[in-house]
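Colleague: To start, I am sharing the structure in question, which I have written as C-alpha cells.
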Amino acid sequence: KFHRVNRSHIISHSAIGDLVSMSASKVKVLLRHEGETDVYVSRDRLAGFRQWLDN
C-alpha cells in the first residue's frame with residue numbers, strides 16, 4: 001500500500017492524484033490533498049516506483 005519515493009516521503013497508492021514526467025529520469029507526484037509540498041520520485045527509486053504502481 002505504501003512506497004518510499006525519496007528520503008523524505010512515503011506515499012500511499014490512494015494518495016496519488018496524477019504523475020507528471022519532468023524528464024526520462026524524474027517524475028513529480030501530484031497528491032490528492034491540496035497544500036502539500038512537491039513530491040519527486042528519486043532517480044534510484046523510479047524503477048521500483050513504476051513497478052509498484054503497476055501492481
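Identifiers for the C-alpha cells are assigned positionally: chains receive A, B, ... in sequence, residues are indexed from 1 per chain, and ligands are indexed from 1 in the order shown.
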Among chain A, which residues carry a DSSP assignment of helix (DSSP H, G or I), reported as a PyMOL selection string?

Modeller: chain A and resi 13-15+43-54

Colleague: Those residues with C-alpha atoms, as a PDB file, in the first residue's frame please?

Modeller:
```
ATOM      1  CA  HIS A  13      -1.255   4.481  -3.681  1.00  0.00           C
ATOM      2  CA  SER A  14      -4.621   6.082  -2.887  1.00  0.00           C
ATOM      3  CA  ALA A  15      -2.981   9.484  -2.239  1.00  0.00           C
ATOM      4  CA  ARG A  43      16.105   8.612  -9.785  1.00  0.00           C
ATOM      5  CA  ASP A  44      17.319   5.480  -7.977  1.00  0.00           C
ATOM      6  CA  ARG A  45      13.768   4.639  -6.812  1.00  0.00           C
ATOM      7  CA  LEU A  46      11.977   5.325 -10.106  1.00  0.00           C
ATOM      8  CA  ALA A  47      12.042   1.762 -11.497  1.00  0.00           C
ATOM      9  CA  GLY A  48      10.696   0.324  -8.241  1.00  0.00           C
ATOM     10  CA  PHE A  49       8.032   3.036  -8.084  1.00  0.00           C
ATOM     11  CA  ARG A  50       6.776   2.258 -11.599  1.00  0.00           C
ATOM     12  CA  GLN A  51       6.662  -1.444 -10.767  1.00  0.00           C
ATOM     13  CA  TRP A  52       4.739  -0.696  -7.540  1.00  0.00           C
ATOM     14  CA  LEU A  53       2.187   1.384  -9.498  1.00  0.00           C
ATOM     15  CA  ASP A  54       1.533  -1.490 -11.899  1.00  0.00           C
TER      16      ASP A  54
END
```

Colleague: Looking only at strand (DSSP E or B) from DSSP on the backbone, list the matching residues of chain A as a PyMOL selection string.

Modeller: chain A and resi 2-6+9-12+16-23+26-31+39-41

Colleague: Looking at only C-alpha atoms, which of A:Asn55, A:Val39, A:Lys28, A:Leu19 is the one that sits closest to Arg7 (chain A)?

Modeller: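 Looking only at the distances to Arg7 (chain A), the closest residue turns out to be A:Val39.
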
Colleague: One decimal, in Å: what's the spacing between CA of His9 (chain A) and CA of Leu30 (chain A)?

Modeller: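 Calculated distance between CA of His9 (chain A) and CA of Leu30 (chain A) is 12.7 Å.
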
Colleague: How many Å separate CA of Ala24 (chain A) from CA of Tyr40 (chain A)?

Modeller: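 Answer for the CA of Ala24 (chain A) to CA of Tyr40 (chain A) separation: 12.9 Å.
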
Colleague: Of the residues A:Thr37, A:Val27, A:Ser42, A:Arg32, which is the one nearest to Ser12 (chain A), using only C-alpha atoms?

Modeller: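 Of A:Thr37, A:Val27, A:Ser42, A:Arg32, the one nearest Ser12 (chain A) is A:Arg32, counting only C-alpha atoms.
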
Colleague: What is the CA of Asn6 (chain A) to CA of Leu31 (chain A) distance in Å?

Modeller: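 Interatomic distance here is 14.7 Å.
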